[in-house]
Amino acid sequence: MKATINQKEISFEPNQTILEAARANGIFIPTLCEYQSLNHTPGTCRVCLVEVHRPGEGMKNPQYLTSCNTPMTEGSVVLTQTLKIQEMRRFQMEMVMADHNQDCSTCTRQGKCELIDVANAVGLKQVGFHYTQGWENLKPDTGTKPVVYDQSRCIRCYRCIAVCRKIQDIDALETDGWGSTAGVRLKTGVYESSPCVSCGQCAMVCPTGAMSERDQVQRAVDYISDPDIVTVFQTAPAVRVDLGDEFGFLPGSNVEGQIIAALRQIGVDIILDTNFGADLVIMEEGTEVLERLKTKAGPTFTSCCPGWVTYAEKHFPEILPMLSTTRSPQGAMGKMTKTYFAEKRKIDPAKIRIVSVMPCTAKKEEAARLALSEGGVPDIDIVLTVREFARLIRRYGIDLSRLDPSAYDDMLMSEYSGAGAIFGTTGGVMEAAVRTLYYVVNGKELEGIEVSSLRGFENVRSATVDLGGDLGKIRLAICHGLRGTRKLVEAVLSGAEKFDFIEIMSCPGGCVDGGGTPRPKKTYIPFAKKRQEALFTLDRQKKPRQSHNNTQIQALYADFLGKPNSEKAHHLLHTHYKSRKTHNDADIPAAWEELRKQKDR
């Protein structure tokens, strides 16, 4: 099929939009609300306007249409840069900016705002009017939700709603209000009763600072500055391959050494690695899995992903007895730091403040769980996302790319295995567990180490692994992203699928693409596989590559815990869950059917 764009004849496929056809031919059209990765083309901002002349109508009756959702037709003549179109685009951007909070200095998207990019692309020089109807009298958000919504910065692109529905199948967000007062809100209006699981994928796709993590950078600065506080930082497996994006490193670069150097320069008292906690989790969770396999107690679901745990509590509480009771690596590190580490280093636990650096917004909610506290004192004091951590580093005038790598020097809780490193990607927890399960059953290491059948990027995948001994072959399932999780859980509950061990990560790609990782512009998780491969490379470089061969883990059990799942270990390293059942499960087809019925009335 043929058409013309800017006097250039182009070919296009049936059902292609004008924007798609233009992009396929290297022709730029500015867009704002459109999000190609989600096939999201609401046309609400109208910045992608083009001039269209239909066959037979000549050049006298042009139509001005949004290119993102207008199909290209045979013989059409499209103009993208006429003076009229440029003027219309600038006016549309001026309208968008007019009711937008233009205090950019306080925005979490500062320097990385798609709104500013498009304003520059259309040549907007000034905004002639400004009105704040809809947000001028909003009360400041003083709650505790991990992800916060700032209506004053919302441009009503509704990407957040799209990702929550299309990718996560949660449908926790809905439009609210109309006209200039329109915005987004949680269904039910209250986090606890909403379907939201704090995965943060809405913040990942937001083009402005409307959706963002609750910022705790200042609290971290206050801890570091207080001479009476012993500040402990721990960094999650994925952080070392995520953070570099914020400082100009190639995607997937391992900046572990630079992170350690930066924390030392900032003045952090103690630097630990959550990978140690990952190895510890394998020892505890692996013991649980073996006990359930021996007693044929049914499948075990992993519990290291807090978004998944919240999802289970809110959407499928009937499977809570199947969840491993082992804390996440973050939770395990918090408890061990304020008990074992404090005892060995002769530090008063009351003076310790633990700051977790995580790729995840849901970790903020996990840290606030009462079950992860003692006498009202939390095991984890605050959680910084990777984005917050980058802001913290910049607060101290540090450019990560200019630092020489440094290394851990603590001999209690910083060593980690290759198995601990791969916790940050989908399938990594399962593979780490299989390496140790095989050793416990057979008394020897798994040949080849890498379990290729567990690796991949399919939304839901399964594998059969022979553990040997009396257990023989076991069936495993791995899922990343909550759309596939719903189907998998329903299949397990109905008996349609039978598995022995199931790994769930709520974010597509796993922790390397968690809701707190750097936000690329105009595209969704583009570096997932590079980050995944970086962790696999780190695994190959590590000695040991199995959690049970971590010498600091061995010392922890010998000197403090006894053995995995001992009475002391169970008390300190395990947790419990509770039903928080909501009644707002996503049913998108039903919602559309209801809309069709309303239209026909």
# chains A, B, ... in the order shown; residues from 1 in each chain; ligands from 1
>>> residues_around(residues="His480 (chain A)", least_positions_apart="4", cutoff="7 Å", atoms="only C-alpha atoms", output="PyMOL selection string")
chain A and resi 426+459-460+504-510
>>> select_by_dssp(residues="region 318-464 of chain A", states="alpha helix (DSSP H)", output="ChimeraX atom specification")
/A:329-336,342-345,362-367,386-395,418-421,428-442
>>> residues_around(residues="Ile29 (chain A)", least_positions_apart="6", cutoff="8 Å", atoms="only C-alpha atoms", output="list in words")
Leu19, Ala22, Arg23, Cys48 and Thr80 of chain A
>>> write_last_selection(atoms="N, CA, C and O atoms", output="PDB file, in the first residue's frame")
ATOM      1  N   LEU A  19       1.461   7.435  12.450  1.00  0.00           N
ATOM      2  CA  LEU A  19       2.691   7.523  13.233  1.00  0.00           C
ATOM      3  C   LEU A  19       3.588   6.316  12.972  1.00  0.00           C
ATOM      4  O   LEU A  19       4.804   6.460  12.784  1.00  0.00           O
ATOM      5  N   ALA A  22       5.133   6.599   9.562  1.00  0.00           N
ATOM      6  CA  ALA A  22       6.172   7.630   9.551  1.00  0.00           C
ATOM      7  C   ALA A  22       7.455   7.116  10.192  1.00  0.00           C
ATOM      8  O   ALA A  22       8.556   7.289   9.644  1.00  0.00           O
ATOM      9  N   ARG A  23       7.320   6.492  11.349  1.00  0.00           N
ATOM     10  CA  ARG A  23       8.508   5.963  12.033  1.00  0.00           C
ATOM     11  C   ARG A  23       9.220   4.912  11.182  1.00  0.00           C
ATOM     12  O   ARG A  23      10.456   4.864  11.133  1.00  0.00           O
ATOM     13  N   CYS A  48       0.803  15.021  18.505  1.00  0.00           N
ATOM     14  CA  CYS A  48       1.248  14.342  17.277  1.00  0.00           C
ATOM     15  C   CYS A  48       0.372  14.693  16.072  1.00  0.00           C
ATOM     16  O   CYS A  48       0.290  13.928  15.108  1.00  0.00           O
ATOM     17  N   THR A  80       3.739  16.850   7.874  1.00  0.00           N
ATOM     18  CA  THR A  80       4.037  16.834   9.310  1.00  0.00           C
ATOM     19  C   THR A  80       4.686  18.106   9.824  1.00  0.00           C
ATOM     20  O   THR A  80       4.822  18.285  11.033  1.00  0.00           O
TER      21      THR A  80
END
>>> closest_residue(among="A:Leu370, A:Leu115, A:Ala342, A:Ile393", to="Arg264 (chain A)", atoms="only C-alpha atoms")
A:Ile393
>>> residues_around(residues="Val190 (chain A)", least_positions_apart="6", cutoff="12 Å", atoms="only C-alpha atoms", output="ChimeraX atom specification")
/A:143-145,172-173,196,582
>>> write_last_selection(atoms="all heavy atoms", output="CSV table (one decimal), in the first residue's frame")
chain,number,residue,atom,x,y,z
A,143,GLY,N,1.1,10.2,53.8
A,143,GLY,CA,0.9,8.8,54.1
A,143,GLY,C,2.1,8.0,54.0
A,143,GLY,O,3.2,8.6,54.1
A,144,THR,N,2.0,6.7,53.9
A,144,THR,CA,3.1,5.8,53.8
A,144,THR,C,3.2,5.0,52.6
A,144,THR,O,4.0,4.1,52.5
A,144,THR,CB,3.1,4.9,55.1
A,144,THR,OG1,1.9,4.2,55.1
A,144,THR,CG2,3.2,5.7,56.4
A,145,LYS,N,2.3,5.2,51.7
A,145,LYS,CA,2.3,4.4,50.4
A,145,LYS,C,3.6,4.4,49.8
A,145,LYS,O,4.2,5.5,49.6
A,145,LYS,CB,1.2,4.8,49.5
A,145,LYS,CG,-0.2,4.8,50.0
A,145,LYS,CD,-1.2,5.0,48.9
A,145,LYS,CE,-1.1,6.4,48.3
A,145,LYS,NZ,-1.3,7.5,49.2
A,172,ALA,N,-5.5,-1.6,39.2
A,172,ALA,CA,-5.7,-0.9,40.4
A,172,ALA,C,-6.0,0.6,40.3
A,172,ALA,O,-6.3,1.3,41.2
A,172,ALA,CB,-4.4,-1.1,41.3
A,173,LEU,N,-5.8,1.1,39.1
A,173,LEU,CA,-5.9,2.6,38.8
A,173,LEU,C,-7.1,2.9,37.9
A,173,LEU,O,-7.5,2.1,37.1
A,173,LEU,CB,-4.7,3.1,38.2
A,173,LEU,CG,-3.4,3.0,39.0
A,173,LEU,CD1,-2.2,3.3,38.1
A,173,LEU,CD2,-3.4,3.8,40.3
A,196,CYS,N,-3.9,-2.7,44.4
A,196,CYS,CA,-2.5,-2.3,44.2
A,196,CYS,C,-1.5,-3.1,45.1
A,196,CYS,O,-1.8,-3.4,46.2
A,196,CYS,CB,-2.3,-0.8,44.5
A,196,CYS,SG,-0.6,-0.2,44.3
A,582,THR,N,-8.9,-8.4,48.7
A,582,THR,CA,-9.7,-7.3,48.1
A,582,THR,C,-10.7,-7.9,47.1
A,582,THR,O,-10.6,-9.0,46.8
A,582,THR,CB,-8.8,-6.3,47.3
A,582,THR,OG1,-8.2,-7.0,46.2
A,582,THR,CG2,-7.7,-5.8,48.2
>>> residues_around(residues="Gly420 (chain A)", least_positions_apart="5", cutoff="9 Å", atoms="only C-alpha atoms", output="ChimeraX atom specification")
/A:237,274-280,282,428-429,432,539,545-547
>>> closest_atom_pairs(of="region 536-591 of chain A", to="region 408-413 of chain A", cutoff="12 Å", atoms="only C-alpha atoms", output="CSV")
residue,atom,partner,partner_atom,distance
A:Asn550,CA,A:Met413,CA,10.3
A:Thr551,CA,A:Leu412,CA,9.4
A:Gln552,CA,A:Leu412,CA,5.9
A:Ile553,CA,A:Met413,CA,8.0
A:Gln554,CA,A:Leu412,CA,10.5
A:Ala555,CA,A:Leu412,CA,8.3
A:Leu556,CA,A:Leu412,CA,8.0
A:Tyr557,CA,A:Leu412,CA,11.8
A:Asp559,CA,A:Leu412,CA,11.1
A:Phe560,CA,A:Leu412,CA,11.8
>>> closest_residue(among="A:Met72, A:Ala368, A:Leu49, A:Leu400", to="Asn15 (chain A)", atoms="only C-alpha atoms")
A:Met72
>>> residues_around(residues="region 202-219 of chain A", least_positions_apart="4", cutoff="8 Å", atoms="only C-alpha atoms", output="PDB file with C-alpha atoms, in the first residue's frame")
ATOM      1  CA  LEU A  32       3.842  12.655  24.473  1.00  0.00           C
ATOM      2  CA  CYS A 107      10.196  17.132  40.700  1.00  0.00           C
ATOM      3  CA  THR A 108      11.633  13.610  40.855  1.00  0.00           C
ATOM      4  CA  ARG A 109      11.807  13.590  37.052  1.00  0.00           C
ATOM      5  CA  CYS A 113      11.195  14.764  31.911  1.00  0.00           C
ATOM      6  CA  GLU A 114       9.498  13.776  28.658  1.00  0.00           C
ATOM      7  CA  LEU A 115       7.196  16.782  28.941  1.00  0.00           C
ATOM      8  CA  THR A 144       3.131   5.828  53.845  1.00  0.00           C
ATOM      9  CA  LYS A 145       2.281   4.372  50.441  1.00  0.00           C
ATOM     10  CA  PRO A 146       5.464   3.332  48.607  1.00  0.00           C
ATOM     11  CA  VAL A 147       4.252   4.900  45.346  1.00  0.00           C
ATOM     12  CA  VAL A 148       2.772   8.388  45.461  1.00  0.00           C
ATOM     13  CA  TYR A 149       0.656  10.285  42.946  1.00  0.00           C
ATOM     14  CA  ASP A 150       1.067  14.012  42.417  1.00  0.00           C
ATOM     15  CA  GLN A 151      -1.948  15.290  40.488  1.00  0.00           C
ATOM     16  CA  SER A 152      -0.287  18.651  39.941  1.00  0.00           C
ATOM     17  CA  ARG A 153       2.202  16.961  37.588  1.00  0.00           C
ATOM     18  CA  CYS A 154      -0.238  14.591  35.859  1.00  0.00           C
ATOM     19  CA  ILE A 155      -0.751  15.203  32.126  1.00  0.00           C
ATOM     20  CA  ARG A 159       0.145   5.228  30.724  1.00  0.00           C
ATOM     21  CA  CYS A 160       0.019   4.185  34.381  1.00  0.00           C
ATOM     22  CA  ILE A 161      -3.452   2.732  33.917  1.00  0.00           C
ATOM     23  CA  VAL A 163       0.679  -0.766  32.317  1.00  0.00           C
ATOM     24  CA  CYS A 164      -1.324  -1.760  35.397  1.00  0.00           C
ATOM     25  CA  TYR A 223      21.247   9.312  59.396  1.00  0.00           C
ATOM     26  CA  THR A 361       9.210   0.189  45.393  1.00  0.00           C
ATOM     27  CA  ILE A 382      14.355   3.031  55.291  1.00  0.00           C
ATOM     28  CA  VAL A 383      14.471   1.797  51.707  1.00  0.00           C
ATOM     29  CA  LEU A 384      15.901   3.800  48.819  1.00  0.00           C
ATOM     30  CA  THR A 385      15.117   2.857  45.248  1.00  0.00           C
ATOM     31  CA  GLU A 388      16.703   7.702  45.060  1.00  0.00           C
ATOM     32  CA  PHE A 389      20.182   6.281  45.563  1.00  0.00           C
ATOM     33  CA  ARG A 391      19.903  11.348  43.870  1.00  0.00           C
ATOM     34  CA  LEU A 392      21.630  10.688  47.207  1.00  0.00           C
ATOM     35  CA  GLY A 515       9.672  -0.377  39.883  1.00  0.00           C
ATOM     36  CA  GLY A 516      12.523   1.559  41.469  1.00  0.00           C
ATOM     37  CA  THR A 517      15.084   1.213  38.678  1.00  0.00           C
ATOM     38  CA  PRO A 518      16.181   3.993  36.289  1.00  0.00           C
ATOM     39  CA  ARG A 519      13.355   5.112  34.011  1.00  0.00           C
ATOM     40  CA  LYS A 521      12.276   7.630  28.148  1.00  0.00           C
ATOM     41  CA  LYS A 522       9.595   6.472  25.708  1.00  0.00           C
ATOM     42  CA  THR A 523      10.256   2.746  26.108  1.00  0.00           C
ATOM     43  CA  TYR A 524       9.565  -0.024  28.602  1.00  0.00           C
TER      44      TYR A 524
END
>>> residues_around(residues="region 248-251 of chain A", least_positions_apart="3", cutoff="8 Å", atoms="only C-alpha atoms", output="list of chain:residue names")
A:Val241, A:Asp242, A:Gly244, A:Asp245, A:Ser401, A:Phe527, A:Lys530, A:Arg531
>>> write_last_selection(atoms="N, CA and C atoms", output="short mmCIF file (atom, residue, chain, number, x, y, z; two decimals), in the first residue's frame")
data_model
loop_
_atom_site.label_atom_id
_atom_site.label_comp_id
_atom_site.auth_asym_id
_atom_site.auth_seq_id
_atom_site.Cartn_x
_atom_site.Cartn_y
_atom_site.Cartn_z
N VAL A 241 23.92 -3.65 38.64
CA VAL A 241 23.80 -3.61 37.17
C VAL A 241 22.71 -2.64 36.71
N ASP A 242 22.07 -1.95 37.65
CA ASP A 242 21.05 -0.95 37.33
C ASP A 242 21.58 0.48 37.44
N GLY A 244 24.35 2.09 37.08
CA GLY A 244 25.23 2.71 36.10
C GLY A 244 24.50 3.53 35.05
N ASP A 245 23.25 3.13 34.74
CA ASP A 245 22.46 3.88 33.76
C ASP A 245 22.31 5.34 34.13
N SER A 401 30.90 7.75 37.69
CA SER A 401 31.77 7.37 36.58
C SER A 401 33.22 7.80 36.80
N PHE A 527 16.47 -2.65 28.72
CA PHE A 527 17.78 -3.23 29.02
C PHE A 527 17.71 -4.50 29.86
N LYS A 530 20.22 -7.29 28.92
CA LYS A 530 21.61 -6.91 29.18
C LYS A 530 21.91 -6.97 30.67
N ARG A 531 20.97 -6.54 31.48
CA ARG A 531 21.17 -6.61 32.93
C ARG A 531 21.18 -8.06 33.40
#
>>> select_by_dssp(residues="region 350-387 of chain A", states="strand (DSSP E)", output="list in words")
Ile352, Arg353, Ile354, Val355, Ser356, Val357, Met358, Ser373, Glu374, Val377, Pro378, Ile382, Val383, Leu384 and Thr385 of chain A
>>> closest_residue(among="A:Ser566, A:Gln102, A:Thr70, A:Asn442", to="Phe129 (chain A)", atoms="only C-alpha atoms")
A:Gln102
>>> closest_residue(among="A:Gln92, A:Thr106, A:Ser198, A:Ser180", to="Val127 (chain A)", atoms="only C-alpha atoms")
A:Gln92
>>> atom_distance(atom1="CA of Lys60 (chain A)", atom2="CA of Thr41 (chain A)")
28.4 Å
>>> atom_distance(atom1="CA of Pro544 (chain A)", atom2="CA of Thr425 (chain A)")
18.9 Å
>>> decode(residues="region 83-119 of chain A", atoms="N, CA and C atoms", output="mmCIF file, in the first residue's frame")
data_model
loop_
_atom_site.group_PDB
_atom_site.id
_atom_site.type_symbol
_atom_site.label_atom_id
_atom_site.label_comp_id
_atom_site.auth_asym_id
_atom_site.auth_seq_id
_atom_site.Cartn_x
_atom_site.Cartn_y
_atom_site.Cartn_z
ATOM 1 N N LEU A 83 3.587 25.140 8.605
ATOM 2 C CA LEU A 83 3.519 26.201 9.611
ATOM 3 C C LEU A 83 2.283 26.057 10.489
ATOM 4 N N LYS A 84 1.170 25.682 9.874
ATOM 5 C CA LYS A 84 -0.072 25.502 10.617
ATOM 6 C C LYS A 84 0.070 24.378 11.650
ATOM 7 N N ILE A 85 0.654 23.238 11.221
ATOM 8 C CA ILE A 85 0.835 22.107 12.141
ATOM 9 C C ILE A 85 1.765 22.488 13.293
ATOM 10 N N GLN A 86 2.837 23.169 12.990
ATOM 11 C CA GLN A 86 3.766 23.570 14.047
ATOM 12 C C GLN A 86 3.076 24.482 15.055
ATOM 13 N N GLU A 87 2.264 25.398 14.551
ATOM 14 C CA GLU A 87 1.533 26.307 15.431
ATOM 15 C C GLU A 87 0.547 25.539 16.309
ATOM 16 N N MET A 88 -0.150 24.573 15.713
ATOM 17 C CA MET A 88 -1.139 23.794 16.472
ATOM 18 C C MET A 88 -0.459 22.950 17.553
ATOM 19 N N ARG A 89 0.675 22.382 17.225
ATOM 20 C CA ARG A 89 1.390 21.572 18.218
ATOM 21 C C ARG A 89 1.853 22.429 19.383
ATOM 22 N N ARG A 90 2.382 23.607 19.079
ATOM 23 C CA ARG A 90 2.819 24.488 20.166
ATOM 24 C C ARG A 90 1.649 24.880 21.054
ATOM 25 N N PHE A 91 0.494 25.137 20.442
ATOM 26 C CA PHE A 91 -0.677 25.504 21.235
ATOM 27 C C PHE A 91 -1.110 24.335 22.121
ATOM 28 N N GLN A 92 -1.075 23.105 21.568
ATOM 29 C CA GLN A 92 -1.442 21.932 22.372
ATOM 30 C C GLN A 92 -0.494 21.766 23.552
ATOM 31 N N MET A 93 0.800 21.969 23.301
ATOM 32 C CA MET A 93 1.764 21.841 24.396
ATOM 33 C C MET A 93 1.561 22.947 25.420
ATOM 34 N N GLU A 94 1.203 24.139 24.948
ATOM 35 C CA GLU A 94 0.945 25.234 25.878
ATOM 36 C C GLU A 94 -0.245 24.894 26.769
ATOM 37 N N MET A 95 -1.266 24.256 26.201
ATOM 38 C CA MET A 95 -2.426 23.838 26.989
ATOM 39 C C MET A 95 -2.044 22.780 28.018
ATOM 40 N N VAL A 96 -1.186 21.847 27.608
ATOM 41 C CA VAL A 96 -0.738 20.807 28.544
ATOM 42 C C VAL A 96 0.057 21.441 29.682
ATOM 43 N N MET A 97 0.948 22.361 29.337
ATOM 44 C CA MET A 97 1.790 22.992 30.352
ATOM 45 C C MET A 97 1.016 23.938 31.251
ATOM 46 N N ALA A 98 -0.090 24.475 30.744
ATOM 47 C CA ALA A 98 -0.812 25.510 31.476
ATOM 48 C C ALA A 98 -1.334 25.028 32.821
ATOM 49 N N ASP A 99 -1.782 23.777 32.899
ATOM 50 C CA ASP A 99 -2.296 23.298 34.186
ATOM 51 C C ASP A 99 -1.342 22.298 34.827
ATOM 52 N N HIS A 100 -0.068 22.407 34.467
ATOM 53 C CA HIS A 100 0.965 21.531 35.018
ATOM 54 C C HIS A 100 1.791 22.305 36.035
ATOM 55 N N ASN A 101 2.126 21.661 37.133
ATOM 56 C CA ASN A 101 2.989 22.280 38.136
ATOM 57 C C ASN A 101 4.385 22.478 37.534
ATOM 58 N N GLN A 102 4.765 23.704 37.312
ATOM 59 C CA GLN A 102 6.012 23.993 36.614
ATOM 60 C C GLN A 102 7.194 24.243 37.552
ATOM 61 N N ASP A 103 7.030 23.809 38.805
ATOM 62 C CA ASP A 103 8.146 23.887 39.754
ATOM 63 C C ASP A 103 9.042 22.666 39.526
ATOM 64 N N CYS A 104 9.850 22.721 38.499
ATOM 65 C CA CYS A 104 10.663 21.563 38.103
ATOM 66 C C CYS A 104 11.734 21.226 39.133
ATOM 67 N N SER A 105 12.143 22.187 39.940
ATOM 68 C CA SER A 105 13.239 21.951 40.884
ATOM 69 C C SER A 105 12.873 20.931 41.951
ATOM 70 N N THR A 106 11.575 20.733 42.213
ATOM 71 C CA THR A 106 11.152 19.795 43.251
ATOM 72 C C THR A 106 10.608 18.496 42.670
ATOM 73 N N CYS A 107 10.768 18.306 41.366
ATOM 74 C CA CYS A 107 10.196 17.132 40.700
ATOM 75 C C CYS A 107 11.205 15.994 40.652
ATOM 76 N N THR A 108 10.746 14.770 40.894
ATOM 77 C CA THR A 108 11.633 13.610 40.855
ATOM 78 C C THR A 108 12.089 13.267 39.445
ATOM 79 N N ARG A 109 11.428 13.824 38.444
ATOM 80 C CA ARG A 109 11.807 13.590 37.052
ATOM 81 C C ARG A 109 12.754 14.662 36.541
ATOM 82 N N GLN A 110 13.240 15.506 37.438
ATOM 83 C CA GLN A 110 14.074 16.636 37.055
ATOM 84 C C GLN A 110 15.218 16.184 36.148
ATOM 85 N N GLY A 111 15.333 16.813 34.981
ATOM 86 C CA GLY A 111 16.392 16.483 34.048
ATOM 87 C C GLY A 111 16.085 15.323 33.134
ATOM 88 N N LYS A 112 14.994 14.591 33.423
ATOM 89 C CA LYS A 112 14.661 13.418 32.619
ATOM 90 C C LYS A 112 13.181 13.418 32.270
ATOM 91 N N CYS A 113 12.635 14.598 32.108
ATOM 92 C CA CYS A 113 11.195 14.764 31.911
ATOM 93 C C CYS A 113 10.840 14.741 30.432
ATOM 94 N N GLU A 114 9.935 13.851 30.052
ATOM 95 C CA GLU A 114 9.498 13.776 28.658
ATOM 96 C C GLU A 114 8.671 14.990 28.265
ATOM 97 N N LEU A 115 7.997 15.588 29.219
ATOM 98 C CA LEU A 115 7.196 16.782 28.941
ATOM 99 C C LEU A 115 8.090 17.916 28.434
ATOM 100 N N ILE A 116 9.213 18.128 29.102
ATOM 101 C CA ILE A 116 10.144 19.173 28.684
ATOM 102 C C ILE A 116 10.741 18.842 27.322
ATOM 103 N N ASP A 117 11.048 17.565 27.101
ATOM 104 C CA ASP A 117 11.598 17.156 25.803
ATOM 105 C C ASP A 117 10.667 17.530 24.661
ATOM 106 N N VAL A 118 9.362 17.238 24.841
ATOM 107 C CA VAL A 118 8.408 17.499 23.768
ATOM 108 C C VAL A 118 8.167 18.998 23.615
ATOM 109 N N ALA A 119 8.162 19.721 24.728
ATOM 110 C CA ALA A 119 8.015 21.178 24.645
ATOM 111 C C ALA A 119 9.149 21.777 23.807
#
